[in-house]
$ cat input-v5.txt   # compact mmCIF, C-alpha atoms
# COMPACT_ATOMS: atom_id res chain seq x y z
CA MET A 213 39.44 19.92 -18.86
CA GLY A 214 42.12 21.15 -21.26
CA LEU A 215 40.22 19.71 -24.18
CA ASP A 216 37.13 21.51 -22.97
CA THR A 217 38.75 24.96 -22.98
CA VAL A 218 40.35 24.40 -26.39
CA ALA A 219 37.03 23.33 -27.85
CA ARG A 220 35.29 26.34 -26.41
CA SER A 221 37.83 28.87 -27.68
CA SER A 222 38.52 27.55 -31.18
CA THR A 223 35.15 26.37 -32.47
CA PRO A 224 31.99 28.44 -32.76
CA ALA A 225 29.02 27.56 -30.58
CA PRO A 226 26.83 24.81 -32.06
CA ALA A 227 23.98 27.20 -32.71
CA GLU A 228 26.28 29.44 -34.75
CA GLY A 229 27.58 26.45 -36.69
CA ARG A 230 24.09 25.38 -37.56
CA ALA A 231 23.27 28.87 -38.66
CA ILE A 232 26.24 28.86 -41.05
CA VAL A 233 25.24 25.52 -42.54
CA GLY A 234 21.67 26.75 -42.70
CA GLN A 235 22.79 29.71 -44.80
CA ILE A 236 24.24 27.38 -47.42
CA SER A 237 21.44 26.82 -49.86
CA PRO A 238 21.07 23.18 -50.95
CA ASN A 239 23.45 23.30 -53.90
CA TRP A 240 25.15 20.59 -55.91
CA VAL A 241 27.94 20.01 -53.35
CA THR A 242 25.72 19.73 -50.29
CA THR A 243 23.16 17.51 -52.01
CA ARG A 244 25.86 15.13 -53.27
CA LEU A 245 27.42 15.11 -49.79
CA ASP A 246 23.99 14.57 -48.24
CA PHE A 247 23.42 11.66 -50.57
CA LEU A 248 26.73 10.06 -49.63
CA VAL A 249 26.32 10.59 -45.89
CA ASN A 250 22.70 9.42 -45.84
CA TRP A 251 23.53 6.40 -47.99
CA ALA A 252 26.19 5.38 -45.49
CA ARG A 253 24.03 6.07 -42.45
CA SER A 254 20.90 4.35 -43.68
CA ASN A 255 22.74 1.18 -44.67
CA SER A 256 24.51 0.70 -41.35
CA LEU A 257 21.99 1.61 -38.68
CA TRP A 258 23.17 -0.03 -35.48
CA PRO A 259 20.19 -0.89 -33.31
CA MET A 260 19.97 -0.49 -29.56
CA PRO A 261 17.34 -3.12 -28.67
CA PHE A 262 15.19 -2.10 -25.72
CA GLY A 263 13.12 -5.27 -25.47
CA THR A 264 10.69 -5.35 -22.57
CA ALA A 265 7.97 -7.76 -23.70
CA CYS A 266 6.71 -10.12 -26.40
CA CYS A 267 7.63 -7.67 -29.19
CA ALA A 268 11.25 -8.48 -28.34
CA ILE A 269 10.59 -12.10 -29.39
CA GLU A 270 9.44 -10.89 -32.81
CA PHE A 271 12.46 -8.60 -32.90
CA MET A 272 14.71 -11.63 -32.28
CA ALA A 273 12.89 -13.45 -35.08
CA THR A 274 13.56 -10.46 -37.33
CA ALA A 275 17.24 -10.60 -36.47
CA ALA A 276 17.47 -14.37 -36.97
CA SER A 277 18.38 -16.09 -40.22
CA ARG A 278 14.96 -16.26 -41.92
CA TYR A 279 14.38 -12.48 -41.97
CA ASP A 280 18.01 -11.54 -41.35
CA LEU A 281 18.50 -7.92 -40.26
CA SER A 282 22.08 -8.04 -41.51
CA ARG A 283 20.72 -7.53 -45.04
CA PHE A 284 20.22 -3.93 -43.90
CA GLY A 285 23.52 -3.60 -42.07
CA MET A 286 21.77 -3.95 -38.70
CA GLU A 287 23.20 -7.23 -37.43
CA ARG A 288 25.38 -5.45 -34.92
CA MET A 289 23.14 -5.17 -31.81
CA GLY A 290 24.71 -2.61 -29.55
CA TYR A 291 23.76 -3.21 -25.94
CA THR A 292 25.52 0.02 -25.16
CA PRO A 293 23.63 3.16 -26.13
CA ARG A 294 26.88 5.00 -26.82
CA GLN A 295 27.53 2.93 -29.95
CA ALA A 296 24.03 2.78 -31.36
CA ASP A 297 22.02 4.72 -33.94
CA VAL A 298 18.46 3.39 -33.60
CA LEU A 299 16.66 2.82 -30.32
CA ILE A 300 14.08 0.10 -30.95
CA CYS A 301 11.62 0.01 -28.05
CA ALA A 302 10.11 -3.45 -28.42
CA GLY A 303 7.40 -3.85 -25.81
CA ARG A 304 5.44 -2.01 -23.18
CA LEU A 305 7.11 0.65 -21.06
CA PRO A 306 6.14 0.83 -17.38
CA PHE A 307 6.52 4.15 -15.56
CA LYS A 308 9.35 2.62 -13.56
CA LEU A 309 11.34 2.18 -16.80
CA ALA A 310 10.58 5.68 -18.14
CA PRO A 311 13.71 7.30 -16.59
CA VAL A 312 15.77 4.35 -17.88
CA ILE A 313 14.74 4.72 -21.53
CA ARG A 314 15.17 8.50 -21.22
CA ARG A 315 18.71 8.04 -19.94
CA ILE A 316 19.50 5.53 -22.71
CA TYR A 317 18.18 7.99 -25.30
CA ASP A 318 20.23 10.82 -23.78
CA GLN A 319 23.37 8.66 -23.88
CA MET A 320 23.05 7.85 -27.58
CA PRO A 321 25.21 10.08 -29.78
CA GLN A 322 23.74 12.01 -32.68
CA PRO A 323 22.59 11.13 -35.27
CA LYS A 324 19.98 8.93 -33.59
CA TRP A 325 16.52 7.66 -34.38
CA VAL A 326 13.80 5.84 -32.43
CA ILE A 327 11.48 3.08 -33.60
CA SER A 328 8.45 2.40 -31.40
CA MET A 329 7.64 -1.25 -32.05
CA GLY A 330 4.18 -2.58 -31.27
CA ALA A 331 0.91 -1.25 -29.92
CA CYS A 332 2.05 -0.94 -26.29
CA ALA A 333 5.15 1.10 -27.02
CA SER A 334 3.22 3.32 -29.43
CA SER A 335 0.08 3.95 -27.39
CA GLY A 336 0.02 1.88 -24.20
CA GLY A 337 -2.02 -0.75 -26.04
CA ILE A 338 -4.25 -2.84 -23.82
CA PHE A 339 -2.43 -1.61 -20.72
CA ASP A 340 -4.46 1.50 -19.96
CA THR A 341 -3.49 1.26 -16.28
CA TYR A 342 -1.77 3.10 -13.46
CA ALA A 343 1.58 1.47 -14.21
CA MET A 344 2.08 1.99 -17.95
CA VAL A 345 3.41 4.85 -20.08
CA GLN A 346 0.75 5.62 -22.71
CA GLY A 347 3.10 5.72 -25.67
CA ILE A 348 6.86 6.22 -25.45
CA ASP A 349 6.50 9.47 -27.44
CA THR A 350 5.58 11.10 -24.11
CA VAL A 351 9.15 10.32 -22.96
CA VAL A 352 11.41 10.25 -26.04
CA PRO A 353 10.86 11.53 -29.61
CA VAL A 354 9.81 8.76 -32.02
CA ASP A 355 10.57 8.55 -35.75
CA VAL A 356 8.68 5.42 -36.84
CA TYR A 357 5.71 3.71 -35.18
CA VAL A 358 5.22 0.04 -36.07
CA PRO A 359 1.69 -1.12 -35.25
CA GLY A 360 0.82 -4.70 -34.34
CA CYS A 361 0.48 -6.85 -31.26
CA PRO A 362 3.20 -7.92 -31.76
CA PRO A 363 4.12 -6.84 -35.31
CA ARG A 364 5.30 -9.62 -37.59
CA PRO A 365 8.95 -9.44 -38.71
CA GLU A 366 7.72 -8.17 -42.10
CA GLY A 367 6.04 -5.30 -40.23
CA LEU A 368 9.21 -4.35 -38.41
CA LEU A 369 11.23 -4.61 -41.63
CA TYR A 370 8.73 -2.29 -43.32
CA GLY A 371 9.20 0.17 -40.44
CA ILE A 372 12.97 -0.05 -40.81
CA LEU A 373 12.69 0.58 -44.56
CA LEU A 374 10.50 3.61 -43.81
CA LEU A 375 13.24 4.83 -41.47
CA HIS A 376 15.78 4.32 -44.30
CA LYS A 377 13.58 6.50 -46.49
CA LYS A 378 13.45 9.15 -43.78
CA VAL A 379 17.24 9.08 -43.29
CA ARG A 380 17.83 9.42 -47.05
CA GLY A 381 15.64 12.52 -47.09
CA GLU A 382 17.64 14.37 -44.45
CA THR A 383 19.89 17.28 -45.35
CA MET A 384 22.61 18.99 -43.39
CA ALA A 385 21.19 22.32 -44.54
CA ASP A 386 18.23 21.82 -42.21
CA PRO A 387 19.11 23.61 -38.94
CA ALA A 388 16.22 22.02 -37.02
CA LEU A 389 17.39 18.48 -37.63
CA ARG A 390 19.85 17.43 -34.93
CA GLN A 391 18.59 19.64 -32.11
CA GLU A 392 17.93 18.09 -28.74
CA ARG A 393 17.20 19.38 -25.29
CA ALA A 394 18.36 17.69 -22.10
CA LEU A 395 15.60 17.18 -19.58
CA THR A 396 16.06 18.50 -16.07
CA PRO A 397 14.29 16.61 -13.24
CA GLY A 398 10.61 17.51 -13.16
CA ASP A 399 10.77 18.55 -16.81
CA LEU A 400 8.66 17.12 -19.62
CA ARG A 401 9.57 16.58 -23.27
CA ILE A 402 6.26 17.89 -24.56
CA PRO A 403 3.65 20.11 -22.85
CA ALA A 404 1.67 18.42 -20.07
CA ARG A 405 -1.60 19.18 -21.85
CA LEU A 406 -0.36 17.24 -24.89
CA ILE A 407 0.60 14.23 -22.76
CA ASP A 408 -2.88 14.14 -21.24
CA GLU A 409 -4.38 14.37 -24.71
CA LEU A 410 -2.16 11.61 -26.12
CA SER A 411 -2.99 9.38 -23.14
CA GLU A 412 -6.77 9.66 -23.50
CA PRO A 413 -8.45 6.25 -23.59
CA PHE A 414 -9.41 4.93 -27.00
CA GLY A 415 -10.63 1.67 -28.50
CA ASN A 416 -11.78 -0.88 -25.96
CA SER A 417 -10.46 1.03 -22.97
CA ILE A 418 -13.11 3.76 -23.33
CA HIS A 419 -15.48 1.21 -21.78
CA GLN A 420 -13.44 1.24 -18.58
CA THR A 421 -14.59 3.92 -16.18
CA ARG A 422 -12.08 6.05 -14.31
CA SER A 423 -12.86 4.37 -11.02
CA ALA A 424 -13.24 0.73 -12.03
CA MET B 281 -10.16 -31.92 5.67
CA ASN B 282 -6.52 -31.66 6.53
CA PRO B 283 -5.77 -33.50 9.84
CA THR B 284 -3.56 -30.58 10.86
CA VAL B 285 -6.72 -28.66 11.79
CA ASP B 286 -7.37 -30.92 14.79
CA SER B 287 -3.85 -30.60 16.13
CA LEU B 288 -4.03 -26.82 15.56
CA ARG B 289 -7.18 -26.66 17.66
CA ARG B 290 -5.55 -28.77 20.40
CA ALA B 291 -2.47 -26.54 20.46
CA PHE B 292 -4.06 -23.08 20.10
CA GLY B 293 -7.68 -23.46 21.21
CA ASP B 294 -9.88 -20.48 20.35
CA LYS B 295 -7.14 -18.64 18.46
CA VAL B 296 -8.09 -20.90 15.55
CA GLY B 297 -11.27 -19.65 13.96
CA ARG B 298 -13.54 -21.15 11.33
CA VAL B 299 -12.35 -23.76 8.83
CA ILE B 300 -13.46 -24.04 5.20
CA VAL B 301 -12.71 -26.80 2.73
CA SER B 302 -12.76 -25.55 -0.85
CA CYS B 303 -11.41 -27.37 -3.92
CA ASP B 304 -9.55 -29.89 -1.70
CA GLN B 305 -7.83 -27.02 0.08
CA THR B 306 -8.27 -26.61 3.81
CA ILE B 307 -8.53 -22.94 4.75
CA VAL B 308 -7.99 -22.06 8.41
CA TYR B 309 -8.77 -18.58 9.79
CA VAL B 310 -6.37 -17.66 12.58
CA ASP B 311 -6.49 -14.78 15.05
CA ARG B 312 -4.42 -11.91 13.62
CA GLU B 313 -2.45 -11.36 16.84
CA SER B 314 -1.07 -14.90 16.96
CA ILE B 315 -0.51 -15.51 13.24
CA ALA B 316 3.31 -15.60 13.44
CA GLU B 317 3.20 -17.90 16.45
CA VAL B 318 0.84 -20.34 14.71
CA LEU B 319 2.89 -20.30 11.50
CA ARG B 320 6.12 -20.94 13.40
CA TRP B 321 4.49 -23.86 15.17
CA LEU B 322 3.27 -25.25 11.81
CA LYS B 323 6.81 -25.14 10.49
CA GLU B 324 8.62 -26.47 13.54
CA ALA B 325 6.25 -29.04 15.08
CA PRO B 326 7.70 -32.42 14.04
CA ASP B 327 4.36 -33.87 12.98
CA GLU B 328 3.42 -30.84 10.88
CA ASN B 329 6.66 -29.70 9.28
CA TYR B 330 5.25 -27.22 6.72
CA ASP B 331 8.69 -26.28 5.47
CA TYR B 332 7.76 -24.41 2.27
CA LEU B 333 5.98 -21.05 2.23
CA VAL B 334 4.45 -21.04 -1.26
CA ASP B 335 2.93 -17.58 -1.22
CA VAL B 336 1.92 -14.64 0.92
CA THR B 337 -0.80 -12.49 -0.57
CA ALA B 338 -3.86 -10.51 0.43
CA VAL B 339 -7.48 -10.21 -0.67
CA GLU B 340 -9.78 -7.22 -0.46
CA TYR B 341 -13.43 -7.92 -1.19
CA ARG B 342 -15.93 -5.63 -2.88
CA ASP B 343 -18.09 -5.61 0.21
CA PRO B 344 -16.61 -2.67 2.17
CA GLU B 345 -17.65 -4.25 5.47
CA ARG B 346 -15.57 -7.37 4.90
CA PRO B 347 -12.08 -7.31 6.35
CA ILE B 348 -8.94 -7.56 4.23
CA GLU B 349 -7.47 -11.07 4.40
CA VAL B 350 -3.78 -11.95 4.46
CA VAL B 351 -3.28 -15.39 2.94
CA TYR B 352 -0.41 -17.77 3.66
CA GLN B 353 -0.14 -20.84 1.43
CA LEU B 354 1.96 -23.57 3.07
CA ARG B 355 3.28 -26.88 1.81
CA ALA B 356 4.89 -29.80 3.62
CA MET B 357 7.31 -31.09 1.01
CA ALA B 358 7.88 -34.53 2.59
CA ARG B 359 4.20 -35.28 3.23
CA ARG B 360 2.96 -33.52 0.08
CA ALA B 361 0.32 -31.76 2.18
CA GLU B 362 -0.98 -28.24 1.64
CA LEU B 363 -2.61 -25.84 4.05
CA ARG B 364 -3.93 -22.30 3.63
CA ILE B 365 -3.89 -19.97 6.62
CA LYS B 366 -5.77 -16.67 6.61
CA ALA B 367 -5.76 -13.69 8.96
CA GLU B 368 -8.52 -11.10 8.86
CA LEU B 369 -7.64 -7.40 9.19
CA PRO B 370 -10.71 -5.18 9.79
CA LYS B 371 -10.51 -1.95 7.79
CA ASP B 372 -11.23 0.33 10.75
CA GLN B 373 -8.03 -0.78 12.50
CA PRO B 374 -4.42 -0.28 11.40
CA LEU B 375 -3.51 -2.86 8.76
CA THR B 376 -0.62 -4.50 10.58
CA VAL B 377 0.34 -8.12 11.00
CA GLU B 378 3.49 -9.73 12.37
CA SER B 379 6.14 -10.62 9.79
CA VAL B 380 7.10 -14.25 9.19
CA VAL B 381 10.52 -13.48 7.68
CA PRO B 382 12.19 -14.92 10.85
CA VAL B 383 10.39 -18.22 10.10
CA TRP B 384 10.76 -18.42 6.31
CA ARG B 385 13.35 -16.19 4.56
CA SER B 386 11.25 -16.50 1.40
CA ALA B 387 8.60 -14.30 3.00
CA ASP B 388 10.84 -11.25 2.50
CA TRP B 389 9.83 -10.20 -1.02
CA LEU B 390 6.35 -11.73 -0.72
CA GLU B 391 5.54 -9.47 2.22
CA ARG B 392 7.14 -6.49 0.47
CA GLU B 393 4.83 -7.06 -2.48
CA VAL B 394 1.76 -7.22 -0.21
CA TYR B 395 2.92 -4.01 1.48
CA ASP B 396 3.42 -2.35 -1.90
CA MET B 397 0.07 -3.36 -3.37
CA PHE B 398 -2.22 -3.32 -0.30
CA GLY B 399 -0.48 -1.11 2.27
CA ILE B 400 -0.40 -3.83 4.93
CA THR B 401 2.50 -3.26 7.32
CA PHE B 402 4.42 -6.32 8.48
CA THR B 403 5.91 -5.57 11.89
CA GLY B 404 9.40 -6.97 12.35
CA HIS B 405 10.14 -7.13 8.63
CA PRO B 406 13.85 -6.36 8.13
CA ASP B 407 13.47 -4.24 4.97
CA LEU B 408 9.87 -3.24 4.33
CA ARG B 409 10.04 -1.19 1.14
CA ARG B 410 7.95 -1.10 -2.00
CA LEU B 411 8.86 -3.93 -4.33
CA LEU B 412 7.15 -3.22 -7.67
CA MET B 413 6.47 0.50 -7.54
CA TRP B 414 9.30 2.91 -6.78
CA GLU B 415 9.85 4.32 -3.32
CA THR B 416 8.64 7.85 -4.05
CA TYR B 417 5.43 6.53 -5.66
CA ALA B 418 2.77 8.72 -4.06
CA GLU B 419 -0.54 7.55 -5.53
CA GLY B 420 -1.36 4.92 -2.92
CA TYR B 421 -1.77 1.16 -3.02
CA PRO B 422 -2.77 -0.08 -6.49
CA LEU B 423 -4.62 -3.30 -5.61
CA ARG B 424 -6.96 -1.69 -3.07
CA LYS B 425 -10.56 -1.47 -4.21
CA ASP B 426 -10.66 2.32 -3.79
CA PHE B 427 -7.70 2.77 -6.18
CA PRO B 428 -8.76 3.90 -9.68
CA LEU B 429 -7.46 1.68 -12.49
CA ARG B 430 -5.55 4.51 -14.20
CA GLY B 431 -4.10 5.88 -10.98
CA ARG B 432 -4.96 9.00 -9.04
CA PHE B 433 -2.80 11.59 -10.84
CA SER B 434 -3.21 12.88 -14.38
CA ARG B 435 -1.09 11.16 -17.04
CA SER B 436 1.23 14.14 -17.41
CA GLU B 437 1.80 14.24 -13.66
CA GLN B 438 2.52 10.50 -13.69
CA VAL B 439 5.08 10.96 -16.48
CA ARG B 440 6.65 13.89 -14.63
CA GLN B 441 6.98 11.94 -11.38
CA ALA B 442 8.25 8.82 -13.16
CA LEU B 443 10.92 10.80 -15.03
CA ALA B 444 11.98 12.51 -11.80
CA ALA B 445 12.50 9.15 -10.05
CA ASN B 446 16.07 7.96 -9.75
CA PRO B 447 16.45 4.38 -11.08
CA GLU B 448 19.33 3.74 -8.68
CA ALA B 449 17.03 4.48 -5.73
CA HIS B 450 15.28 1.12 -6.24
CA TYR B 451 18.14 -0.69 -4.54
CA SER B 452 18.55 -1.48 -0.87
CA LEU B 453 20.98 0.42 1.31
CA ASP B 454 23.61 -2.34 0.99
CA GLU B 455 23.50 -2.14 -2.78
CA LEU B 456 23.42 1.66 -2.65
CA SER B 457 26.70 1.79 -0.77
CA ILE B 458 28.25 0.23 -3.90
CA ALA B 459 26.44 2.47 -6.35
CA GLN B 460 26.99 5.60 -4.23
CA ALA B 461 23.52 6.61 -5.29
CA GLN B 462 22.19 7.27 -1.82
CA TYR B 463 23.54 10.80 -2.14
CA ASP B 464 20.97 11.41 -4.89
CA LEU B 465 18.06 10.45 -2.66
CA PRO B 466 15.97 13.12 -0.95
CA GLU B 467 17.51 14.14 2.38
CA GLU B 468 14.50 12.96 4.35
CA MET B 469 14.49 9.53 2.69
CA ARG B 470 18.24 9.04 3.13
CA GLU B 471 18.06 9.86 6.81
CA ARG B 472 15.11 7.49 7.18
CA LEU B 473 16.94 4.66 5.36
CA GLU B 474 20.02 5.11 7.51
CA ARG B 475 17.87 4.86 10.64
CA GLY B 476 16.51 1.60 9.26
CA ASP B 477 13.01 3.04 9.34
CA ARG B 478 11.04 2.60 6.14
CA GLY B 479 8.10 4.62 7.38
CA ARG B 480 4.88 5.16 5.51
CA ILE B 481 4.42 6.37 1.98
CA PRO B 482 3.04 9.92 1.82
CA GLU B 483 -0.67 10.13 1.18
CA PRO B 484 -1.63 11.26 -2.32
CA LYS B 485 -1.97 15.00 -2.58
CA GLU B 486 -3.40 15.69 -6.00
CA GLU B 487 -6.54 13.93 -7.17
CA ARG B 488 -7.10 13.17 -10.83
CA HIS B 489 -9.51 15.59 -12.49
CA GLY B 490 -12.62 14.45 -14.30

$ encode --input "input-v5.txt" --output "C-alpha cells"
Amino acid sequence: MGLDTVARSSTPAPAEGRAIVGQISPNWVTTRLDFLVNWARSNSLWPMPFGTACCAIEFMATAASRYDLSRFGMERMGYTPRQADVLICAGRLPFKLAPVIRRIYDQMPQPKWVISMGACASSGGIFDTYAMVQGIDTVVPVDVYVPGCPPRPEGLLYGILLLHKKVRGETMADPALRQERALTPGDLRIPARLIDELSEPFGNSIHQTRSA
Amino acid sequence: MNPTVDSLRRAFGDKVGRVIVSCDQTIVYVDRESIAEVLRWLKEAPDENYDYLVDVTAVEYRDPERPIEVVYQLRAMARRAELRIKAELPKDQPLTVESVVPVWRSADWLEREVYDMFGITFTGHPDLRRLLMWETYAEGYPLRKDFPLRGRFSRSEQVRQALAANPEAHYSLDELSIAQAQYDLPEEMRERLERGDRGRIPEPKEERHG
C-alpha cells in the first residue's frame, strides 16, 4: 500500500510518460538505445507454451535437439505467464478455455507478444462448431500467425524469425506500442461486428449449412 | 444370443422388451421405469455378475417420431461376456431415467456427459452438472438433432459469454470450498449449489440470426 502511494505521487501517469517519450523525435540516442534493447529482447524471447492439441507436438519437436529453439534464446519454457515474453498458442482453443488464455495473457508483463500456431488457433480450422473459438485473435491480440495443420518446425521457426524482425523494428518513441486495455466481464477485445465477420465460414465449411 | 436374455425374461417378465443381435452384440430393450432395478440385478445376480459398466450414452435418431435411447454397455470381466441394455425415452415425455451411480460409481461422469449433451436427467444422481460445457452455457444440448452445428448464438455473443464465464466455476462444491471461488458465482447458482439442487439449464433466449 505504501509503495502504491509513493508510486502515484512521484511518477507521472503512464499516459503522460508516453507522451513525453513520444515527443522525443527518433534521434541518434533513441535509435541506438532502441537497437540495443530490441537486440536483447529479440534474442531472449521466453516462450509461454499454451499447447492444447497436435500443434503442441510439433512445438515440442521444434524445442528438441534437431531444430533446437535454444539457438534463438528460447529454450527457457516458462510455464508461468509472469516470467514469459511470447505466448505461443499451439492448438485449437475451445470456448471453455477462452477465459483461461485471456487471463494468462493479462498476467504476462509487458513487453509481450503472441504467436498463433496452426490453422485452428488462427482461424478455427476444421472446427467450425459450437464449441470452438474461431481464431484466438477474437480473444487476445496476435502478432504472428503460423499457418499449417500442424505447421512443421521450420514453419514455426520462420514465424519466430518474423517475430524477431518485428521486435527489432519497434521503437520506444511510438506511443501506441505498449498500450493494453483490461477486459471487464461481458467486454470484448474487438467490436462484436468484427468478431462475427472474422468467424464467417470459409473453405470447406461453407458447405455446412447453419442447421446441419 | 447372450444366454442372459432368458434369465432376464424369467426374472422380469414383460419389463424386458424386444431383443436384437447385431455384430455379435445382444441388445436388450428394457422398460424405462425399471432400468435401474434390472441393471442392479445384472450386476448382483451371482450367475450374471456384469461388474463393469463400459459406457453410458444416448442416441437420438433423425426420425423425429423415434424415441431417444439411453444405452448401457455392460461387461462381465470373469466370463468375458458383453451385454447392451437400452431404454427408450419418448420425446413427448420428460427425458428422465433413474441413475445407476448407486450401482456403479463409474456411471457418475458418464451420466453427467449424457445430461450435458442430450439433456436427459438422471434422477438420484449425486452431482448432476454439465461435464464438458460450462455451467452457465445457455445454448442448449449440443448433440440433440435440433441443435445447429455452430450453436444458437452469434459468434460474438458466444465469445462474450465464454469470456464472462469463471474458469473456477467448473469445479464441484467440495473443490470450490478450497478455491473460495463460490463467492464469484451468481447468487442464484450459489444458493442452488448449496441446496444440492442442480436444476435445469436456462432455455436459450437469443436465436442466431440468418

$ residues_near_point --input "input-v5.txt" --point "(19.6, 9.5, -31.9)" --cutoff "9 Å" --atoms "all atoms listed in the file" --output "MDAnalysis selection string"
chainID A and resid 296:299 317:326 390

$ atom_distance --input "input-v5.txt" --atom1 "CA of Leu363 (chain B)" --atom2 "CA of Glu349 (chain B)"
15.6 Å

$ interface_residues --input "input-v5.txt" --of "chain B" --to "chain A" --cutoff "6 Å" --atoms "only C-alpha atoms" --output "ChimeraX atom specification"
/B:428-431,435-436,440,442-444

$ residues_near_point --input "input-v5.txt" --point "(-11.9, -1.3, 11.0)" --cutoff "12 Å" --atoms "all atoms listed in the file" --output "list in words"
Pro344, Glu345, Arg346, Pro347, Ile348, Glu368, Leu369, Pro370, Lys371, Asp372, Gln373, Pro374, Leu375 and Thr376 of chain B

$ closest_residue --input "input-v5.txt" --among "B:Ile365, B:Asp331, B:Arg424, B:Gln353" --to "Val299 (chain B)" --atoms "all atoms listed in the file"
B:Ile365

$ atom_distance --input "input-v5.txt" --atom1 "CA of Val339 (chain B)" --atom2 "CA of Met357 (chain B)"
25.6 Å

$ atom_distance --input "input-v5.txt" --atom1 "CA of Glu415 (chain B)" --atom2 "CA of Glu378 (chain B)"
22.0 Å

$ residues_around --input "input-v5.txt" --residues "region 241-245 of chain A" --least-positions-apart "3" --cutoff "8 Å" --atoms "only C-alpha atoms" --output "list in words"
Pro238, Leu248, Val249, Thr383, Met384 and Ala385 of chain A

$ residues_around --input "input-v5.txt" --residues "Lys323 (chain B)" --least-positions-apart "2" --cutoff "12 Å" --atoms "all atoms listed in the file" --output "ChimeraX atom specification"
/B:284,316-321,325-333,354-357,363,380,382-384

$ closest_residue --input "input-v5.txt" --among "A:Ile338, A:Leu373, A:Ala394, A:Glu366" --to "Arg278 (chain A)" --atoms "only C-alpha atoms"
A:Glu366

$ residues_around --input "input-v5.txt" --residues "Glu419 (chain B)" --least-positions-apart "2" --cutoff "7 Å" --atoms "only C-alpha atoms" --output "number ranges by chain"
B: 417, 421, 431-432, 484

$ closest_residue --input "input-v5.txt" --among "A:Cys267, A:Val356, A:Met329, A:Ile316" --to "Gly290 (chain A)" --atoms "all atoms listed in the file"
A:Ile316

$ residues_around --input "input-v5.txt" --residues "Asp355 (chain A)" --least-positions-apart "4" --cutoff "12 Å" --atoms "all atoms listed in the file" --output "CSV table (one decimal) with C-alpha atoms, in the coordinates of the input"
chain,number,residue,atom,x,y,z
A,298,VAL,CA,18.5,3.4,-33.6
A,299,LEU,CA,16.7,2.8,-30.3
A,300,ILE,CA,14.1,0.1,-31.0
A,301,CYS,CA,11.6,0.0,-28.0
A,324,LYS,CA,20.0,8.9,-33.6
A,325,TRP,CA,16.5,7.7,-34.4
A,326,VAL,CA,13.8,5.8,-32.4
A,327,ILE,CA,11.5,3.1,-33.6
A,328,SER,CA,8.4,2.4,-31.4
A,329,MET,CA,7.6,-1.2,-32.0
A,334,SER,CA,3.2,3.3,-29.4
A,348,ILE,CA,6.9,6.2,-25.4
A,349,ASP,CA,6.5,9.5,-27.4
A,371,GLY,CA,9.2,0.2,-40.4
A,372,ILE,CA,13.0,0.0,-40.8
A,374,LEU,CA,10.5,3.6,-43.8
A,375,LEU,CA,13.2,4.8,-41.5
A,376,HIS,CA,15.8,4.3,-44.3
A,377,LYS,CA,13.6,6.5,-46.5
A,378,LYS,CA,13.4,9.2,-43.8
A,379,VAL,CA,17.2,9.1,-43.3

$ residues_around --input "input-v5.txt" --residues "Arg304 (chain A)" --least-positions-apart "5" --cutoff "7 Å" --atoms "only C-alpha atoms" --output "list in words"
Thr264, Ala265, Cys332, Ala333 and Gly336 of chain A
